[in-house]
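So the structure is just underneath, and the comments pick up after that.
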Amino acid sequence: MAQPTPGARRAPGAQPAPDAQPAPGARPVSDAQPAPGAQPAPRPRAPRPAPPARIPQSTSTARPTPPARPAPPARPTPPPPPHPTAWDDAHPQPLAPDSAPLPAYGTGSLADLLPTLAAGMAVPGTTAAIPELTPADRNCVFLIDGLGWEQLKAHPDEAPFMTSLLASSRGGTGRPITAGYPATTATSLASVGTGLPPGAHGLPGYTVRNPDTGELMNQLRWQPWTPPGPWQPYPTVFELAHRAGVHAAQVTSPAFANTPLTKIALSGGSFHGRLSGEERMDVAAEQLAAADRSLVYTYYAEVDGAGHRFGVDSDTWRGQLMYVDRLVQRLAEQLPPRSALYVTADHGMIDVPFDEDHRIDFDEDWELKAGVALLGGEGRARHVYAVPGAANDVLTCWREVLGEQFWVASRDEAIEAGWFGPAVDERVYHRIGDVVAAARDDVLLIASEREPRESAMVGNHGSMTPAEQLVPLLEVRS
């Protein structure tokens, strides 16, 4: 695909192009919902927690040190009403923001992979965070866009070589790692390359609001154009390795040579553009052998593309999986001595049916649109930016409408729960929506008018479910 250190907001208790588009329709309304304009009896609510403390700005240019993680404070629980009402029976309590399954930041996420490998090569400024991995002199990361752990395990016949490596995942434990929230390509590639969680590197979604301009910024396509350096000021792990005398190289499509996303997430060392997958595997092996200490990254995108267009249950997707399985084997058979190959992914994917129960159309829903200035993110991981003064009302409405299918949180609740990592830098804080919504069920919040192409995708991702979050970390050593 495709520098002053800011302060941070800490998260107390945080743990480690489709060709056709479905016709939009109105979302069914439950008979138990009040008529428009009726005032339902309010549900008892827990006291709102105080927002996380602001961390003063620092003048250091060093990479941030992950903060200590204290035990989470006890959260107040709202008392049940003495006499449940019909409204309460028809509308159960919404999903709590802190009940979402968090990515394994600090111990087993994509952001922890390159720092662990670099630390094994004695690169200053890096720390081994995934304890199961054994150091190697030459390390190669092959990232297959869109190949989640659950999808790989479900297709042993299409991927016999990678299936044979499942027991090697995560240092021989046979377990996956997690992507990070949201589980989307721009965010995950930035986490891989910088070795930082989204709250630090600052790409917390597919589209987010630029606080300086008030516009939505697409962080995958980098539109509208935004100066890359201030948007993501930290050095990549490849840059740190190159400075330490490690041979660093990226082998991917020539189209990514000069993109802003490459610059802020994957730059450092040499870039080698190759069109075919076979050429990439051959050049990656050559670059591994080019020095006594090497750190090489290579990438394949078409598994993700097939999933979006046709779904992960399609013959096209299976064909791409068969092809990339052969690529992994080709690279594994060419590893020079003292090498470790790690095969991983940026996210998994699920297919979402094309019906009104599974695809809720924001552009056709007057309740969800009320008070919303901008709709960011993507269908399973939304950032919602309210008009001034309407954030609490938008949060209340979104919880009432979506709270049984989505984890719906205010910005501060999502940060406190640790969705974006153990801390959120000050420059990143207002990029996050006033309201953040992450899908738990197999549903999608589309926007058929604003996002026609994205709304017509078969396969989708972004949230914190296992199908989206869990990714392999297959290992081959020579």
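Ordered as shown in the structure tokens, chains take letters A, B, and onward, while each chain numbers its residues from 1 and ligands are numbered from 1 in the order shown.
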For this session: Find the spatial neighbours of Leu102 in chain A, counting only C-alpha atoms, within a cut-off of 12 Å - ignore same-chain residues fewer than 4 positions away - and output them as an MDAnalysis selection string.
Result: chainID A and resid 13:16 97:98 106:109 177:183 407 414:422 438 463:466 469:470
Exercise. Which neighbours of Leu321 in chain A fall inside 8 Å, counting only C-alpha atoms, when residues of the same chain fewer than 4 positions from it are skipped, and could you give them as a PyMOL selection string?
Worked result: chain A and resi 158-159+303+317+325
Residues from last step as file, C-alpha atoms, as a short mmCIF file (atom, residue, chain, number, x, y, z; two decimals), in the first residue's frame:
data_model
loop_
_atom_site.label_atom_id
_atom_site.label_comp_id
_atom_site.auth_asym_id
_atom_site.auth_seq_id
_atom_site.Cartn_x
_atom_site.Cartn_y
_atom_site.Cartn_z
CA GLU A 158 -5.27 -23.18 0.11
CA ALA A 159 -2.24 -22.39 2.28
CA VAL A 303 -5.18 -10.64 -0.48
CA TRP A 317 -9.75 -14.56 -2.28
CA ASP A 325 1.41 -19.17 0.23
#
Problem set entry | Selected residue of minimal separation from Gly193 in chain A among A:Ser168, A:Thr173, A:Thr236, A:Thr298, counting only C-alpha atoms | A:Thr236
Shell around Val192 in chain A at 10 Å using only C-alpha atoms, local window under 6 positions removed, as a PDB file with C-alpha atoms, in the first residue's frame:
ATOM      1  CA  SER A 109       1.017  -6.318  19.137  1.00  0.00           C
ATOM      2  CA  LEU A 110       2.270  -5.238  15.721  1.00  0.00           C
ATOM      3  CA  ALA A 111       3.847  -2.184  17.341  1.00  0.00           C
ATOM      4  CA  ASP A 112       6.064  -4.515  19.398  1.00  0.00           C
ATOM      5  CA  LEU A 113       7.469  -6.576  16.517  1.00  0.00           C
ATOM      6  CA  LEU A 114      10.216  -4.434  14.957  1.00  0.00           C
ATOM      7  CA  PRO A 115      11.473  -3.029  18.292  1.00  0.00           C
ATOM      8  CA  VAL A 141       9.192  -9.227   8.014  1.00  0.00           C
ATOM      9  CA  LEU A 143       3.467  -8.447   5.787  1.00  0.00           C
ATOM     10  CA  ALA A 179      -3.026  -5.628  15.192  1.00  0.00           C
ATOM     11  CA  THR A 236      10.946   4.669  12.215  1.00  0.00           C
ATOM     12  CA  VAL A 237      12.665   1.533  13.491  1.00  0.00           C
ATOM     13  CA  ALA A 265       5.958   4.745   8.587  1.00  0.00           C
ATOM     14  CA  LEU A 266       8.528   2.699   6.669  1.00  0.00           C
ATOM     15  CA  ALA A 345      -0.518  -9.175   8.582  1.00  0.00           C
ATOM     16  CA  ASP A 346      -1.992  -5.774   9.298  1.00  0.00           C
TER      17      ASP A 346
END
Exercise. So which one's closest to Arg427 in chain A, A:Gly199, A:Thr184, A:Thr194, A:Ile144? Using only C-alpha atoms, please.
Worked result: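 Ranked by minimum distance to Arg427 in chain A, first place goes to A:Gly199.
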For this session: Find the residues around Pro198 in chain A up to 8 Å (only C-alpha atoms counted), leave out those fewer than 2 positions away in its own chain, and share them as a list in words.
Result: Gly180, Tyr181, Thr187, Ala190, Ser191, Leu196, Ala200, His201, Gly202, Leu203, Pro204, Phe420, Gly421 and Val424 of chain A
For the residues selected in the previous step, produce a file with N, CA, C and O atoms as a PDB file, in the first residue's frame.
ATOM      1  N   GLY A 180      -3.934  -3.931  16.688  1.00  0.00           N
ATOM      2  CA  GLY A 180      -4.030  -2.596  17.280  1.00  0.00           C
ATOM      3  C   GLY A 180      -5.328  -1.975  16.813  1.00  0.00           C
ATOM      4  O   GLY A 180      -5.918  -2.396  15.808  1.00  0.00           O
ATOM      5  N   TYR A 181      -5.789  -0.950  17.541  1.00  0.00           N
ATOM      6  CA  TYR A 181      -7.061  -0.337  17.165  1.00  0.00           C
ATOM      7  C   TYR A 181      -6.845   1.037  16.538  1.00  0.00           C
ATOM      8  O   TYR A 181      -6.104   1.840  17.084  1.00  0.00           O
ATOM      9  N   THR A 187      -3.146   2.580   9.935  1.00  0.00           N
ATOM     10  CA  THR A 187      -2.796   2.522  11.358  1.00  0.00           C
ATOM     11  C   THR A 187      -1.791   1.413  11.636  1.00  0.00           C
ATOM     12  O   THR A 187      -0.792   1.618  12.334  1.00  0.00           O
ATOM     13  N   ALA A 190       1.764   2.045  10.223  1.00  0.00           N
ATOM     14  CA  ALA A 190       2.461   3.009  11.073  1.00  0.00           C
ATOM     15  C   ALA A 190       2.911   2.360  12.371  1.00  0.00           C
ATOM     16  O   ALA A 190       4.008   2.637  12.877  1.00  0.00           O
ATOM     17  N   SER A 191       2.099   1.475  12.935  1.00  0.00           N
ATOM     18  CA  SER A 191       2.501   0.771  14.158  1.00  0.00           C
ATOM     19  C   SER A 191       3.693  -0.135  13.899  1.00  0.00           C
ATOM     20  O   SER A 191       4.634  -0.196  14.708  1.00  0.00           O
ATOM     21  N   LEU A 196       5.353   2.009  17.521  1.00  0.00           N
ATOM     22  CA  LEU A 196       4.555   2.755  18.492  1.00  0.00           C
ATOM     23  C   LEU A 196       3.078   2.437  18.292  1.00  0.00           C
ATOM     24  O   LEU A 196       2.637   2.172  17.174  1.00  0.00           O
ATOM     25  N   ALA A 200       0.363   7.178  19.932  1.00  0.00           N
ATOM     26  CA  ALA A 200       1.645   7.883  19.850  1.00  0.00           C
ATOM     27  C   ALA A 200       1.978   8.262  18.417  1.00  0.00           C
ATOM     28  O   ALA A 200       2.321   9.419  18.135  1.00  0.00           O
ATOM     29  N   HIS A 201       1.897   7.303  17.470  1.00  0.00           N
ATOM     30  CA  HIS A 201       2.298   7.668  16.096  1.00  0.00           C
ATOM     31  C   HIS A 201       1.282   8.586  15.426  1.00  0.00           C
ATOM     32  O   HIS A 201       1.630   9.335  14.510  1.00  0.00           O
ATOM     33  N   GLY A 202       0.017   8.550  15.840  1.00  0.00           N
ATOM     34  CA  GLY A 202      -0.915   9.568  15.393  1.00  0.00           C
ATOM     35  C   GLY A 202      -1.733   9.256  14.165  1.00  0.00           C
ATOM     36  O   GLY A 202      -2.316  10.172  13.582  1.00  0.00           O
ATOM     37  N   LEU A 203      -1.803   7.986  13.759  1.00  0.00           N
ATOM     38  CA  LEU A 203      -2.686   7.588  12.670  1.00  0.00           C
ATOM     39  C   LEU A 203      -3.781   6.703  13.268  1.00  0.00           C
ATOM     40  O   LEU A 203      -3.764   5.485  13.120  1.00  0.00           O
ATOM     41  N   PRO A 204      -4.747   7.296  13.951  1.00  0.00           N
ATOM     42  CA  PRO A 204      -5.716   6.508  14.706  1.00  0.00           C
ATOM     43  C   PRO A 204      -6.970   6.131  13.927  1.00  0.00           C
ATOM     44  O   PRO A 204      -8.026   5.923  14.524  1.00  0.00           O
ATOM     45  N   PHE A 420      -6.408   3.013  22.087  1.00  0.00           N
ATOM     46  CA  PHE A 420      -5.354   3.492  21.191  1.00  0.00           C
ATOM     47  C   PHE A 420      -3.955   3.302  21.765  1.00  0.00           C
ATOM     48  O   PHE A 420      -2.984   3.818  21.212  1.00  0.00           O
ATOM     49  N   GLY A 421      -3.849   2.555  22.848  1.00  0.00           N
ATOM     50  CA  GLY A 421      -2.563   2.331  23.484  1.00  0.00           C
ATOM     51  C   GLY A 421      -2.540   2.878  24.886  1.00  0.00           C
ATOM     52  O   GLY A 421      -3.519   3.458  25.372  1.00  0.00           O
ATOM     53  N   VAL A 424      -1.993   8.671  24.804  1.00  0.00           N
ATOM     54  CA  VAL A 424      -2.315   9.384  23.568  1.00  0.00           C
ATOM     55  C   VAL A 424      -1.589  10.725  23.597  1.00  0.00           C
ATOM     56  O   VAL A 424      -1.765  11.513  24.528  1.00  0.00           O
TER      57      VAL A 424
END
For this session: Pick out the closest residue to Thr207 in chain A from this set: A:Pro353, A:Pro227, A:Gly376, A:Gly389. Count only C-alpha atoms.
Result: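 Once distances to Thr207 in chain A are computed over only C-alpha atoms, the minimum belongs to A:Gly376.
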Exercise. Given the choices A:Arg221, A:Arg243, A:Arg411, A:Arg293, which gets closest to Met121 in chain A if the distance is worked out from only C-alpha atoms?
Worked result: A:Arg293
For this session: Please provide the set of residues having any atom within 8 Å of range 385-388 of chain A, restricted to only C-alpha atoms, with same-chain residues fewer than 6 positions apart removed, written as a PyMOL selection string.
Result: chain A and resi 209+371-376+394+433-435
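Near Asp304 in chain A, within 7 Å and counting only C-alpha atoms, sit A:Asp145, A:Gly146, A:Ala301, A:Gly307, A:His308, not including residues fewer than 3 positions from it in the same chain.
With only C-alpha atoms taken into account, the protein and nucleic acid residues at most 6 Å from range 244-252 of chain A (excluding it and anything under 2 positions from it in its own chain) are A:Val123, A:Phe238, A:Ala241, A:His242, A:Gly269, A:Ser270, A:Phe271, A:His272, A:Gly273, A:Arg274, A:Arg280, A:Arg293, A:Ser294, A:Leu295, A:Val296, A:Tyr297, A:Thr298, A:Tyr299.
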How would the residues just picked look written out with all heavy atoms as a short mmCIF file (atom, residue, chain, number, x, y, z; two decimals), in the first residue's frame?
data_model
loop_
_atom_site.label_atom_id
_atom_site.label_comp_id
_atom_site.auth_asym_id
_atom_site.auth_seq_id
_atom_site.Cartn_x
_atom_site.Cartn_y
_atom_site.Cartn_z
N VAL A 123 20.20 -2.50 18.50
CA VAL A 123 19.92 -1.16 17.99
C VAL A 123 19.54 -0.27 19.16
O VAL A 123 18.57 -0.56 19.88
CB VAL A 123 18.79 -1.20 16.95
CG1 VAL A 123 18.38 0.21 16.55
CG2 VAL A 123 19.22 -2.00 15.73
N PHE A 238 13.33 1.38 11.14
CA PHE A 238 14.30 1.22 10.05
C PHE A 238 15.34 2.34 10.11
O PHE A 238 16.53 2.10 9.88
CB PHE A 238 13.59 1.23 8.70
CG PHE A 238 12.61 0.11 8.53
CD1 PHE A 238 11.25 0.35 8.63
CD2 PHE A 238 13.04 -1.19 8.30
CE1 PHE A 238 10.33 -0.68 8.48
CE2 PHE A 238 12.13 -2.23 8.16
CZ PHE A 238 10.78 -1.97 8.25
N ALA A 241 17.66 1.58 12.98
CA ALA A 241 18.56 0.48 12.63
C ALA A 241 19.65 0.95 11.67
O ALA A 241 20.83 0.59 11.83
CB ALA A 241 17.75 -0.67 12.00
N HIS A 242 19.27 1.74 10.67
CA HIS A 242 20.25 2.25 9.71
C HIS A 242 21.32 3.08 10.41
O HIS A 242 22.52 2.95 10.11
CB HIS A 242 19.53 3.07 8.65
CG HIS A 242 20.42 3.65 7.60
ND1 HIS A 242 21.06 2.87 6.66
CD2 HIS A 242 20.82 4.94 7.36
CE1 HIS A 242 21.78 3.65 5.87
NE2 HIS A 242 21.66 4.90 6.29
N GLY A 269 16.99 3.33 5.38
CA GLY A 269 17.72 2.36 4.57
C GLY A 269 17.38 2.52 3.10
O GLY A 269 17.10 3.62 2.62
N SER A 270 17.36 1.41 2.36
CA SER A 270 17.16 1.46 0.91
C SER A 270 15.77 0.96 0.53
O SER A 270 15.19 0.12 1.22
CB SER A 270 18.23 0.63 0.20
OG SER A 270 18.20 -0.71 0.67
N PHE A 271 15.26 1.50 -0.60
CA PHE A 271 13.95 1.09 -1.12
C PHE A 271 14.17 0.35 -2.43
O PHE A 271 14.91 0.81 -3.31
CB PHE A 271 13.06 2.31 -1.35
CG PHE A 271 11.69 1.96 -1.87
CD1 PHE A 271 10.61 1.80 -1.00
CD2 PHE A 271 11.46 1.76 -3.23
CE1 PHE A 271 9.36 1.47 -1.47
CE2 PHE A 271 10.21 1.43 -3.71
CZ PHE A 271 9.15 1.28 -2.83
N HIS A 272 13.49 -0.80 -2.58
CA HIS A 272 13.62 -1.62 -3.79
C HIS A 272 12.22 -1.93 -4.31
O HIS A 272 11.50 -2.73 -3.72
CB HIS A 272 14.38 -2.92 -3.48
CG HIS A 272 15.72 -2.69 -2.86
ND1 HIS A 272 16.89 -2.63 -3.60
CD2 HIS A 272 16.08 -2.49 -1.56
CE1 HIS A 272 17.90 -2.41 -2.79
NE2 HIS A 272 17.44 -2.32 -1.54
N GLY A 273 11.84 -1.26 -5.39
CA GLY A 273 10.53 -1.45 -5.97
C GLY A 273 10.53 -2.59 -6.97
O GLY A 273 11.33 -2.60 -7.92
N ARG A 274 9.65 -3.55 -6.78
CA ARG A 274 9.51 -4.68 -7.69
C ARG A 274 8.02 -4.95 -7.90
O ARG A 274 7.23 -4.93 -6.96
CB ARG A 274 10.18 -5.93 -7.13
CG ARG A 274 11.68 -5.82 -6.98
CD ARG A 274 12.40 -5.68 -8.31
NE ARG A 274 13.84 -5.72 -8.18
CZ ARG A 274 14.60 -4.65 -7.94
NH1 ARG A 274 14.04 -3.45 -7.78
NH2 ARG A 274 15.92 -4.77 -7.85
N ARG A 280 9.91 -9.75 -5.61
CA ARG A 280 10.05 -9.22 -4.25
C ARG A 280 10.68 -10.24 -3.32
O ARG A 280 11.54 -9.91 -2.50
CB ARG A 280 8.69 -8.78 -3.71
CG ARG A 280 8.12 -7.57 -4.41
CD ARG A 280 6.74 -7.22 -3.88
NE ARG A 280 6.01 -6.45 -4.87
CZ ARG A 280 4.72 -6.16 -4.79
NH1 ARG A 280 4.02 -6.59 -3.76
NH2 ARG A 280 4.13 -5.46 -5.74
N ARG A 293 24.32 -7.94 9.62
CA ARG A 293 23.10 -7.60 10.34
C ARG A 293 22.15 -6.91 9.37
O ARG A 293 22.50 -5.88 8.79
CB ARG A 293 23.38 -6.69 11.54
CG ARG A 293 24.18 -7.33 12.66
CD ARG A 293 24.24 -6.39 13.88
NE ARG A 293 24.82 -5.09 13.53
CZ ARG A 293 24.64 -3.98 14.23
NH1 ARG A 293 23.88 -3.99 15.33
NH2 ARG A 293 25.22 -2.85 13.86
N SER A 294 20.97 -7.47 9.19
CA SER A 294 20.03 -6.95 8.21
C SER A 294 18.62 -6.93 8.79
O SER A 294 18.23 -7.81 9.56
CB SER A 294 20.03 -7.80 6.94
OG SER A 294 21.31 -7.86 6.36
N LEU A 295 17.86 -5.90 8.39
CA LEU A 295 16.45 -5.79 8.73
C LEU A 295 15.70 -5.45 7.45
O LEU A 295 15.85 -4.36 6.89
CB LEU A 295 16.22 -4.70 9.79
CG LEU A 295 14.77 -4.49 10.25
CD1 LEU A 295 14.22 -5.76 10.91
CD2 LEU A 295 14.67 -3.31 11.21
N VAL A 296 14.89 -6.38 6.95
CA VAL A 296 14.25 -6.26 5.64
C VAL A 296 12.74 -6.38 5.82
O VAL A 296 12.25 -7.21 6.60
CB VAL A 296 14.76 -7.35 4.68
CG1 VAL A 296 14.03 -7.28 3.33
CG2 VAL A 296 16.28 -7.20 4.48
N TYR A 297 12.01 -5.54 5.07
CA TYR A 297 10.54 -5.56 5.08
C TYR A 297 10.05 -5.76 3.67
O TYR A 297 10.54 -5.12 2.72
CB TYR A 297 10.02 -4.23 5.63
CG TYR A 297 8.54 -3.99 5.44
CD1 TYR A 297 7.61 -4.42 6.38
CD2 TYR A 297 8.07 -3.30 4.32
CE1 TYR A 297 6.25 -4.18 6.22
CE2 TYR A 297 6.71 -3.05 4.14
CZ TYR A 297 5.81 -3.50 5.10
OH TYR A 297 4.47 -3.26 4.93
N THR A 298 9.08 -6.66 3.48
CA THR A 298 8.44 -6.83 2.19
C THR A 298 6.94 -7.00 2.40
O THR A 298 6.48 -7.30 3.51
CB THR A 298 9.05 -7.99 1.39
OG1 THR A 298 8.53 -7.99 0.06
CG2 THR A 298 8.78 -9.33 2.06
N TYR A 299 6.17 -6.82 1.31
CA TYR A 299 4.72 -6.59 1.47
C TYR A 299 3.97 -7.10 0.25
O TYR A 299 4.47 -7.03 -0.88
CB TYR A 299 4.51 -5.08 1.65
CG TYR A 299 3.09 -4.59 1.62
CD1 TYR A 299 2.28 -4.67 2.74
CD2 TYR A 299 2.56 -4.02 0.46
CE1 TYR A 299 0.98 -4.20 2.72
CE2 TYR A 299 1.27 -3.54 0.43
CZ TYR A 299 0.48 -3.63 1.56
OH TYR A 299 -0.80 -3.16 1.52
#
Problem set entry | Nearest residue to Pro337 in chain A from the set A:Glu426, A:Asp442, A:Glu286, A:Glu404 (distances using only C-alpha atoms) | A:Glu286
Exercise. Could you state the separation of CA of Ala332 in chain A and CA of Leu152 in chain A in Å, given to one decimal place?
Worked result: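 Calculated distance between CA of Ala332 in chain A and CA of Leu152 in chain A is 17.9 Å.
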Exercise. CA of Thr185 in chain A and CA of Thr259 in chain A, how far apart in Å?
Worked result: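 Separation of CA of Thr259 in chain A and CA of Thr185 in chain A: 14.3 Å.
With only C-alpha atoms as the atoms that count, the residue of A:Ala129, A:Ile432, A:Ala437, A:Ile360 with the shortest distance to Arg399 in chain A is A:Ala437.
From CA of Ala186 in chain A back to CA of Asn392 in chain A, the distance works out to 29.0 Å.
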For this session: Enumerate as a PyMOL selection string all residues of range 111-226 of chain A assigned to strand (DSSP E or B) by DSSP on the backbone, naming them with the chain letters and numbers the document uses.
Result: chain A and resi 138-144+177-178+207-209+216-218+223
